[in-house]
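Peer 1: As input, take structure19.cif (mmCIF, C-alpha atoms and all ligand atoms):
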data_run
loop_
_atom_site.label_atom_id
_atom_site.label_comp_id
_atom_site.auth_asym_id
_atom_site.auth_seq_id
_atom_site.Cartn_x
_atom_site.Cartn_y
_atom_site.Cartn_z
CA MET H 15 113.41 194.79 91.15
CA PRO H 16 114.23 191.07 91.36
CA PRO H 17 113.96 189.12 88.11
CA ALA H 18 110.51 188.45 86.65
CA ILE H 19 108.69 185.36 87.93
CA ILE H 20 107.68 182.94 85.19
CA TYR H 21 104.73 180.76 86.20
CA ASP H 22 104.54 178.79 82.96
CA PRO H 23 107.97 177.54 81.81
CA SER H 24 106.69 177.20 78.25
CA GLN H 25 106.54 181.01 78.19
CA ILE H 26 110.34 181.41 78.49
CA ASP H 27 111.72 182.72 75.22
CA PHE H 28 115.10 181.00 74.95
CA ASP H 29 115.79 182.76 71.63
CA LYS H 30 115.33 186.37 72.76
CA PRO H 31 118.50 188.36 71.96
CA GLY H 32 120.44 189.84 74.88
CA LYS H 33 120.64 188.89 78.56
CA HIS H 34 117.49 188.13 80.56
CA HIS H 35 117.08 187.08 84.19
CA TYR H 36 114.09 185.03 85.37
CA GLN H 37 112.78 183.15 88.38
CA VAL H 38 110.98 180.01 87.28
CA ALA H 39 108.13 179.14 89.65
CA PHE H 40 107.61 175.48 90.56
CA HIS H 41 104.57 175.08 92.77
CA LEU H 42 105.00 173.63 96.24
CA ASP H 43 103.40 170.30 97.03
CA SER H 44 102.48 171.18 100.59
CA SER H 45 101.08 174.70 100.47
CA TRP H 46 100.24 177.61 98.18
CA GLY H 47 103.47 179.04 96.90
CA TYR H 48 106.53 178.27 94.84
CA SER H 49 110.18 177.40 94.72
CA LEU H 50 111.59 180.18 92.54
CA VAL H 51 114.49 178.75 90.55
CA PRO H 52 116.86 181.44 89.24
CA LEU H 53 117.55 181.31 85.49
CA THR H 54 119.55 183.59 83.23
CA VAL H 55 119.44 183.24 79.43
CA ILE H 56 121.95 185.08 77.26
CA ASN H 57 121.71 185.08 73.50
CA GLY H 58 124.89 186.79 72.42
CA LEU H 59 124.76 189.88 70.25
CA ARG H 60 128.29 189.55 68.89
CA THR H 61 128.48 188.38 65.29
CA GLY H 62 131.46 187.28 63.30
CA ASN H 63 131.46 183.50 63.62
CA ASP H 64 130.50 181.71 60.41
CA THR H 65 128.35 179.25 62.29
CA LEU H 66 126.46 179.82 65.50
CA PRO H 67 128.49 178.05 68.20
CA ALA H 68 127.30 175.40 70.59
CA GLY H 69 124.99 176.44 73.39
CA VAL H 70 126.19 175.95 76.96
CA VAL H 71 124.27 175.46 80.21
CA VAL H 72 125.89 175.70 83.64
CA PHE H 73 124.27 174.52 86.86
CA GLY H 74 125.16 175.36 90.45
CA GLY H 75 123.24 174.24 93.48
CA THR H 76 122.15 170.84 92.23
CA HIS H 77 123.10 170.04 95.82
CA GLY H 78 122.19 172.88 98.16
CA ASN H 79 125.15 172.79 100.54
CA GLU H 80 127.79 172.99 97.78
CA TRP H 81 128.52 176.67 97.39
CA GLU H 82 131.44 177.22 95.03
CA GLY H 83 129.34 176.46 91.94
CA GLN H 84 126.46 178.61 93.15
CA VAL H 85 128.77 181.58 93.68
CA ALA H 86 130.60 181.10 90.37
CA VAL H 87 127.38 180.80 88.34
CA LYS H 88 125.81 183.79 90.09
CA ARG H 89 128.87 185.85 89.22
CA LEU H 90 128.67 184.71 85.60
CA CYS H 91 124.98 185.76 85.49
CA HIS H 92 126.10 189.23 86.47
CA ASP H 93 129.39 189.52 84.59
CA LEU H 94 128.78 187.96 81.17
CA ASP H 95 128.02 190.63 78.64
CA ALA H 96 125.65 189.82 75.78
CA ASP H 97 127.52 192.26 73.53
CA LYS H 98 130.70 190.19 73.86
CA LEU H 99 129.04 186.78 73.59
CA CYS H 100 128.20 184.75 70.50
CA GLY H 101 125.65 181.95 70.83
CA ARG H 102 123.40 180.84 73.69
CA MET H 103 124.32 180.61 77.35
CA ILE H 104 121.94 179.35 80.05
CA LEU H 105 122.87 179.80 83.72
CA ILE H 106 121.06 178.27 86.71
CA PRO H 107 122.94 179.11 89.94
CA GLN H 108 120.58 177.28 92.34
CA LEU H 109 118.90 174.37 90.60
CA SER H 110 117.57 172.80 93.81
CA GLU H 111 116.61 176.22 95.12
CA SER H 112 114.87 174.86 98.20
CA ALA H 113 117.93 172.77 99.14
CA CYS H 114 120.20 175.80 98.65
CA ARG H 115 118.08 178.00 100.88
CA ALA H 116 118.20 175.29 103.54
CA ASN H 117 121.97 174.66 103.08
CA ARG H 118 121.16 170.98 102.61
CA ARG H 119 122.28 168.40 100.08
CA ILE H 120 118.70 167.40 99.26
CA SER H 121 115.46 169.36 99.06
CA PRO H 122 113.67 169.65 102.42
CA LEU H 123 110.39 169.92 100.47
CA ASP H 124 110.33 166.32 99.25
CA ASN H 125 113.57 164.85 100.67
CA VAL H 126 114.71 164.12 97.11
CA ASN H 127 118.30 164.39 95.91
CA MET H 128 118.10 166.49 92.72
CA ASN H 129 121.07 164.58 91.37
CA ARG H 130 119.07 161.33 91.52
CA ALA H 131 115.81 162.75 90.16
CA PHE H 132 116.59 162.63 86.43
CA PRO H 133 115.01 162.32 83.88
CA GLY H 134 112.33 163.78 86.11
CA ASN H 135 108.56 163.53 86.02
CA SER H 136 106.08 166.28 85.14
CA ARG H 137 103.68 164.87 87.72
CA GLY H 138 106.26 164.05 90.41
CA THR H 139 107.23 165.96 93.52
CA ILE H 140 109.01 169.27 93.13
CA SER H 141 112.54 167.93 92.51
CA TYR H 142 111.24 165.59 89.80
CA ARG H 143 109.34 168.45 88.16
CA ILE H 144 112.44 170.67 88.11
CA ALA H 145 114.47 167.77 86.63
CA HIS H 146 111.78 167.29 83.99
CA PHE H 147 112.02 171.01 83.12
CA VAL H 148 115.78 170.69 82.67
CA LYS H 149 115.47 167.53 80.58
CA THR H 150 112.73 168.82 78.27
CA ARG H 151 113.36 172.58 78.07
CA ILE H 152 117.10 173.11 78.69
CA PHE H 153 119.01 170.10 77.34
CA PRO H 154 117.51 170.31 73.81
CA ARG H 155 118.82 173.89 73.53
CA VAL H 156 122.50 173.29 74.31
CA ARG H 157 125.46 171.17 73.26
CA VAL H 158 127.50 171.48 76.47
CA VAL H 159 126.20 170.71 79.99
CA ILE H 160 128.27 171.69 83.05
CA ASP H 161 127.18 170.73 86.58
CA LEU H 162 129.33 172.29 89.32
CA HIS H 163 129.51 170.34 92.60
CA SER H 164 131.68 170.21 95.70
CA GLY H 165 131.96 167.91 98.67
CA GLY H 166 129.22 169.42 100.84
CA ASN H 167 129.56 168.11 104.37
CA GLU H 168 130.74 164.60 103.44
CA GLY H 169 133.60 164.05 101.08
CA GLY H 170 136.70 166.15 100.66
CA PHE H 171 138.12 166.32 97.14
CA PRO H 172 141.18 167.86 95.58
CA ILE H 173 139.60 170.29 93.09
CA CYS H 174 138.77 168.30 89.97
CA THR H 175 136.50 168.07 86.98
CA SER H 176 134.83 164.74 86.24
CA LEU H 177 133.14 162.64 83.63
CA HIS H 178 131.71 159.14 83.27
CA PRO H 179 133.45 156.40 81.24
CA ILE H 180 131.06 156.64 78.29
CA SER H 181 131.44 154.42 75.24
CA ASN H 182 131.04 156.94 72.40
CA SER H 183 134.69 157.75 71.68
CA GLU H 184 134.05 161.06 69.90
CA GLN H 185 131.84 162.36 72.70
CA ARG H 186 134.33 161.08 75.29
CA ALA H 187 137.31 162.80 73.62
CA GLU H 188 135.49 166.14 73.44
CA MET H 189 134.43 165.76 77.07
CA GLU H 190 138.04 165.22 78.15
CA THR H 191 139.10 168.29 76.19
CA VAL H 192 136.41 170.44 77.80
CA ALA H 193 137.11 169.03 81.29
CA LYS H 194 140.75 170.05 80.90
CA LEU H 195 139.74 173.69 80.25
CA PHE H 196 139.05 174.13 83.98
CA ASP H 197 142.78 173.61 84.59
CA THR H 198 142.26 171.53 87.73
CA ALA H 199 145.05 169.25 88.93
CA PHE H 200 142.88 166.20 88.24
CA VAL H 201 140.23 165.13 85.74
CA LEU H 202 138.39 162.19 87.28
CA ILE H 203 136.70 159.38 85.37
CA TYR H 204 134.11 158.19 87.92
CA SER H 205 131.92 155.14 88.19
CA SER H 206 128.53 155.00 86.51
CA SER H 207 127.51 152.27 88.94
CA MET H 208 127.57 154.35 92.14
CA ALA H 209 124.12 155.80 91.56
CA SER H 210 121.54 156.47 88.88
CA GLY H 211 119.31 159.39 87.99
CA LEU H 212 122.16 161.88 87.80
CA LEU H 213 121.80 165.09 85.83
CA SER H 214 124.99 164.08 84.02
CA ASP H 215 123.64 160.58 83.18
CA GLU H 216 120.73 162.15 81.37
CA ALA H 217 122.80 164.77 79.58
CA GLU H 218 125.32 162.14 78.43
CA ALA H 219 122.51 159.92 77.17
CA ASP H 220 121.25 162.88 75.15
CA GLY H 221 124.70 163.10 73.54
CA LYS H 222 125.72 166.29 75.35
CA ILE H 223 129.31 167.20 76.16
CA THR H 224 128.81 166.72 79.90
CA ILE H 225 131.21 167.85 82.61
CA GLY H 226 130.88 167.59 86.36
CA GLY H 227 133.35 168.62 88.99
CA GLU H 228 134.15 169.02 92.66
CA PHE H 229 135.32 172.54 93.47
CA GLY H 230 135.77 172.40 97.24
CA PHE H 231 134.09 170.89 100.28
CA GLY H 232 133.02 171.57 103.84
CA GLU H 233 130.03 173.83 103.03
CA SER H 234 132.48 176.65 102.44
CA VAL H 235 133.30 178.88 99.48
CA ASP H 236 136.79 177.79 98.50
CA ARG H 237 138.32 180.75 96.65
CA ARG H 238 140.44 178.52 94.43
CA GLY H 239 137.42 176.37 93.62
CA VAL H 240 135.38 179.41 92.63
CA ARG H 241 138.24 180.62 90.42
CA HIS H 242 138.50 177.27 88.61
CA ALA H 243 134.71 177.11 88.16
CA TYR H 244 134.26 180.72 87.04
CA GLU H 245 137.31 180.99 84.79
CA GLY H 246 136.83 177.38 83.59
CA VAL H 247 133.37 178.19 82.24
CA LYS H 248 134.81 181.25 80.48
CA ASN H 249 137.53 179.02 79.01
CA VAL H 250 134.78 176.73 77.68
CA LEU H 251 133.18 179.76 76.04
CA ARG H 252 136.55 180.78 74.57
CA HIS H 253 137.18 177.22 73.34
CA TYR H 254 133.86 177.19 71.46
CA ARG H 255 134.50 180.75 70.21
CA MET H 256 131.51 182.09 72.11
CA LEU H 257 133.82 184.58 73.83
CA PRO H 258 136.79 186.16 72.03
CA GLY H 259 140.35 185.42 73.12
CA ASP H 260 142.47 182.40 73.95
CA VAL H 261 141.97 179.86 76.73
CA VAL H 262 143.78 181.12 79.85
CA LYS H 263 145.86 179.32 82.47
CA ILE H 264 143.89 179.32 85.73
CA ASP H 265 146.28 177.79 88.25
CA ALA H 266 149.52 179.74 87.86
CA GLU H 267 151.21 177.74 90.65
CA ARG H 268 150.83 174.29 89.07
CA THR H 269 153.32 173.51 86.35
CA GLY H 270 151.99 170.17 85.07
CA GLU H 271 148.97 169.51 82.87
CA PRO H 272 145.73 168.23 84.45
CA ARG H 273 146.14 164.49 85.19
CA LEU H 274 143.52 162.06 83.95
CA VAL H 275 142.68 159.63 86.76
CA ASP H 276 140.22 156.76 86.77
CA ALA H 277 138.00 155.44 89.54
CA ALA H 278 135.52 153.70 87.29
CA ASN H 279 135.26 150.55 89.44
CA LEU H 280 133.22 150.34 92.62
CA ASP H 281 136.14 148.57 94.36
CA ASP H 282 137.90 151.91 94.47
CA TYR H 283 135.18 153.50 96.64
CA VAL H 284 135.99 152.10 100.06
CA ALA H 285 133.22 152.14 102.67
CA ALA H 286 133.82 152.49 106.41
CA PRO H 287 133.55 148.91 107.77
CA ARG H 288 132.28 150.27 111.06
CA SER H 289 131.31 153.59 112.60
CA GLY H 290 133.99 155.64 114.30
CA VAL H 291 136.17 158.69 114.38
CA TRP H 292 138.49 158.93 111.37
CA GLU H 293 142.08 159.98 111.86
CA ALA H 294 143.62 160.29 108.39
CA THR H 295 147.36 159.78 107.96
CA VAL H 296 147.45 161.07 104.36
CA ASP H 297 146.21 164.16 102.52
CA LEU H 298 143.80 164.62 99.64
CA GLY H 299 145.56 164.37 96.30
CA ASP H 300 148.43 162.31 97.77
CA GLU H 301 150.05 159.49 95.85
CA VAL H 302 149.57 156.37 97.96
CA GLU H 303 151.17 152.94 97.70
CA GLN H 304 149.33 149.64 97.97
CA GLY H 305 149.46 148.58 101.63
CA GLN H 306 150.14 152.10 102.91
CA LEU H 307 148.38 153.16 106.11
CA LEU H 308 145.70 155.71 105.18
CA GLY H 309 144.18 156.29 108.59
CA ARG H 310 142.71 154.89 111.80
CA LEU H 311 139.09 154.42 112.81
CA HIS H 312 138.75 155.03 116.54
CA ASN H 313 135.99 153.76 118.80
CA PHE H 314 135.70 155.76 121.99
CA ASP H 315 133.40 153.23 123.67
CA ASP H 316 136.66 151.61 124.78
CA HIS H 317 139.45 154.12 124.90
CA ALA H 318 141.99 151.37 125.64
CA ALA H 319 141.22 149.46 122.44
CA SER H 320 143.37 149.54 119.29
CA PRO H 321 141.91 151.52 116.40
CA LEU H 322 140.98 149.81 113.12
CA GLU H 323 143.77 150.66 110.71
CA MET H 324 142.88 151.12 107.04
CA TYR H 325 145.45 150.29 104.35
CA ALA H 326 145.40 151.21 100.65
CA HIS H 327 144.00 148.33 98.53
CA ARG H 328 146.04 149.60 95.60
CA SER H 329 148.46 152.31 94.58
CA GLY H 330 147.09 155.52 93.13
CA VAL H 331 145.90 159.03 93.93
CA LEU H 332 143.67 159.74 96.93
CA LEU H 333 140.86 161.48 95.07
CA MET H 334 138.25 161.68 97.81
CA MET H 335 138.25 161.24 101.56
CA HIS H 336 135.65 161.69 104.27
CA PHE H 337 136.76 164.89 105.96
CA SER H 338 134.68 165.29 109.10
CA ALA H 339 135.77 163.29 112.14
CA ARG H 340 132.74 161.07 112.65
CA ILE H 341 131.76 158.51 110.04
CA GLU H 342 128.94 155.96 110.02
CA LYS H 343 129.42 152.37 108.95
CA GLY H 344 128.89 151.98 105.20
CA ILE H 345 129.63 155.60 104.24
CA THR H 346 132.40 156.07 101.66
CA LEU H 347 135.64 156.67 103.52
CA TYR H 348 137.96 157.28 100.57
CA VAL H 349 138.46 156.77 96.85
CA ILE H 350 141.75 155.76 95.24
CA ALA H 351 142.02 156.60 91.56
CA ARG H 352 144.55 155.35 89.05
CA GLU H 353 146.35 157.68 86.68
CA ILE H 354 145.60 156.75 83.07
CA GLY H 355 147.59 159.38 81.26
CA LYS H 356 147.42 162.82 79.83
CA ILE H 357 144.61 164.40 77.90
CA ALA H 358 145.30 165.05 74.26
ZN ZN H 401 127.10 167.46 94.76
#
Mind converting the file's structure to structure tokens?
Peer 2:
Amino acid sequence: MPPAIIYDPSQIDFDKPGKHHYQVAFHLDSSWGYSLVPLTVINGLRTGNDTLPAGVVVFGGTHGNEWEGQVAVKRLCHDLDADKLCGRMILIPQLSESACRANRRISPLDNVNMNRAFPGNSRGTISYRIAHFVKTRIFPRVRVVIDLHSGGNEGGFPICTSLHPISNSEQRAEMETVAKLFDTAFVLIYSSSMASGLLSDEAEADGKITIGGEFGFGESVDRRGVRHAYEGVKNVLRHYRMLPGDVVKIDAERTGEPRLVDAANLDDYVAAPRSGVWEATVDLGDEVEQGQLLGRLHNFDDHAASPLEMYAHRSGVLLMMHFSARIEKGITLYVIAREIGKIA
């Protein structure tokens, strides 16, 4: 039998010991029926810690066509054992369930981007109502919020975790520590000015230890991305002593520590100045020098014309790049981040 359908979210018992799977029903706006959002709540049965550790929530499928997080969280729903866990774990593998089923970034039900719908609205369209559920029913019950993304069908990323440049230094330091537990090559500090209404904006404002990340791209299931996401969450549980054992190394091939890189300024998100076909001359994760050729934008309306060449505005690490050939004017073509040191 599939998990029980919960029609009234106030009926979910977030304190019930053991592991429990649910489908939370959010009514459709257009017809009779529901989007059934999968939810697993685990209240660990293992005792031994003096104090009950921090609760953790992990989201996949905030964007529907980003699959690594969905797969990793689904596996955690299945694999995590309440007998071995201490404290509360909440897992939502497909937050924008309708977008996931459609393999789209945004929900086809209301054309709303779930990651712009926060803090939500109890009387809004379906994405706003799901966001409101997260804000009012999930966030108050956890200390750590993890939202697993990937590049969908737009941006390619080297696998990274991410956080905003928030001002509270204690919260920021703990966020850097937790971001590092995913053992990705890069931890990205990204701009708060790019957009508003993010799940992470709201969680940070609530004082949560909030981690995002990009675990692949291209509407695929990158096996390395899934490994970093899955094992990274388990490392977070080990770090907070919710699971026994020490934090493990995830990427055996990489010798260095995760590098902290900063793209907090909008100048570092370079838009395509015109539409075209993008021929990159560098790879994701490359070190680039100011003035270096990064690629050519071709216009096939005139095959005899020179392409528009794009040069790096500064030195740094290529942390994101449009990966499909065609790009429309104004869409972000690449991001150059600056290394700002190691994480303590
Ligand atoms: Zn995303």
Peer 1: What does the list of residues within 10 Å of ligand ZN 401 (chain H) look like if you count all atoms listed in the file, written as a CSV table (one decimal) with C-alpha atoms, in the coordinates of the input?
Peer 2:
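Contents of result.csv, freshly written:
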chain,number,residue,atom,x,y,z
H,74,GLY,CA,125.2,175.4,90.4
H,75,GLY,CA,123.2,174.2,93.5
H,76,THR,CA,122.2,170.8,92.2
H,77,HIS,CA,123.1,170.0,95.8
H,78,GLY,CA,122.2,172.9,98.2
H,79,ASN,CA,125.2,172.8,100.5
H,80,GLU,CA,127.8,173.0,97.8
H,81,TRP,CA,128.5,176.7,97.4
H,83,GLY,CA,129.3,176.5,91.9
H,119,ARG,CA,122.3,168.4,100.1
H,120,ILE,CA,118.7,167.4,99.3
H,127,ASN,CA,118.3,164.4,95.9
H,128,MET,CA,118.1,166.5,92.7
H,129,ASN,CA,121.1,164.6,91.4
H,161,ASP,CA,127.2,170.7,86.6
H,162,LEU,CA,129.3,172.3,89.3
H,163,HIS,CA,129.5,170.3,92.6
H,164,SER,CA,131.7,170.2,95.7
H,165,GLY,CA,132.0,167.9,98.7
H,166,GLY,CA,129.2,169.4,100.8
H,167,ASN,CA,129.6,168.1,104.4
H,168,GLU,CA,130.7,164.6,103.4
H,169,GLY,CA,133.6,164.0,101.1
H,226,GLY,CA,130.9,167.6,86.4
H,227,GLY,CA,133.4,168.6,89.0
H,228,GLU,CA,134.2,169.0,92.7
H,229,PHE,CA,135.3,172.5,93.5
H,231,PHE,CA,134.1,170.9,100.3
Peer 1: I'd like the neighbourhood of Lys98 of chain H as a CSV table (one decimal) with C-alpha atoms, in the frame of the given file, where a residue qualifies if any of its atoms comes within 8 Å (using all atoms listed in the file), though same-chain residues fewer than 4 positions away should be ignored.
Peer 2:
chain,number,residue,atom,x,y,z
H,58,GLY,CA,124.9,186.8,72.4
H,59,LEU,CA,124.8,189.9,70.2
H,60,ARG,CA,128.3,189.6,68.9
H,94,LEU,CA,128.8,188.0,81.2
H,257,LEU,CA,133.8,184.6,73.8
H,258,PRO,CA,136.8,186.2,72.0
Peer 1: Using all atoms listed in the file for the distances, tell me which of H:Ala131, H:Leu307, H:Leu53, H:Val235 is nearest to Val38 of chain H.
Peer 2: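 Looking only at the distances to Val38 of chain H, the closest residue turns out to be H:Leu53.
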Peer 1: Could you please determine the separation between atom CA of Gln37 of chain H and atom CA of Arg130 of chain H in Å, to one decimal place?
Peer 2: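 Taking atom CA of Gln37 of chain H as the start and atom CA of Arg130 of chain H as the end point, the length is 22.9 Å.
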Peer 1: Using only C-alpha atoms, which residue out of H:Ala277, H:Ile144, H:Ala193, H:Met103 lies closest to Met256 of chain H?
Peer 2: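 Counting only C-alpha atoms, the residue closest to Met256 of chain H is H:Met103.
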Peer 1: Would you pick out the contacts of Arg310 of chain H at 10 Å or less, using only C-alpha atoms, so that residues sharing its chain but fewer than 5 positions from it are not included, and give the list as a list of chain:residue names?
Peer 2: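 Contacts, in chain order: H:Gly290, H:Val291, H:Trp292, H:Glu293, H:Ala294, H:Thr295, H:Ser320, H:Pro321, H:Leu322, H:Glu323, H:Met324, H:Tyr325.
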Peer 1: Can you work out which one of H:Tyr36, H:Ile106, H:Asn249, H:Asp197 has the shortest atom-to-atom distance to Arg268 of chain H, counting all atoms listed in the file?
Peer 2: H:Asp197
Peer 1: Out of H:Gly221, H:Gly309, H:Pro179, H:Pro23, which residue has the shortest atom-to-atom distance to Ser207 of chain H when counting all atoms listed in the file?
Peer 2: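 When distances to Ser207 of chain H are compared using all atoms listed in the file, the smallest one comes from H:Pro179.
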Peer 1: Within 9 Å of Ile345 of chain H, counting all atoms listed in the file, which residues show up once you throw out same-chain ones fewer than 5 positions away? Write them as a PDB file with C-alpha atoms, in the coordinates of the input, please.
Peer 2:
ATOM      1  CA  VAL H 284     135.990 152.100 100.060  1.00  0.00           C
ATOM      2  CA  ALA H 285     133.220 152.140 102.670  1.00  0.00           C
ATOM      3  CA  ALA H 286     133.820 152.490 106.410  1.00  0.00           C
ATOM      4  CA  PRO H 287     133.550 148.910 107.770  1.00  0.00           C
ATOM      5  CA  SER H 289     131.310 153.590 112.600  1.00  0.00           C
ATOM      6  CA  HIS H 336     135.650 161.690 104.270  1.00  0.00           C
TER       7      HIS H 336
END
Peer 1: Can you work out the spacing between atom CA of Ala86 of chain H and atom CA of Thr191 of chain H in Å, to one decimal?
Peer 2: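 Computed distance, atom CA of Ala86 of chain H to atom CA of Thr191 of chain H, equals 20.9 Å.
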Peer 1: How many Å lie between atom CA of Thr54 of chain H and atom CA of His92 of chain H, rounded to one decimal?
Peer 2: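 Distance between the two atoms: 9.2 Å.
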Peer 1: Can you work out which one of H:Ile203, H:Ile173, H:Ala145, H:Val302 has the shortest atom-to-atom distance to Glu216 of chain H, counting all atoms listed in the file?
Peer 2: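 Residue with the minimum atom-to-atom distance to Glu216 of chain H: H:Ala145.
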Peer 1: For Val261 of chain H, which residue out of H:Lys88, H:Leu195, H:Asp315, H:Asp220 is the nearest one, using only C-alpha atoms?
Peer 2: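 The shortest atom-to-atom distance to Val261 of chain H comes from H:Leu195.
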Peer 1: Env of Met208 of chain H: 10 Å cut, atoms = all atoms listed in the file, seq-sep filter 6 positions within chain, self excluded. Answer as a list in words.
Peer 2: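 Answer for this query is Ala278, Asn279, Leu280 and Tyr283 of chain H.
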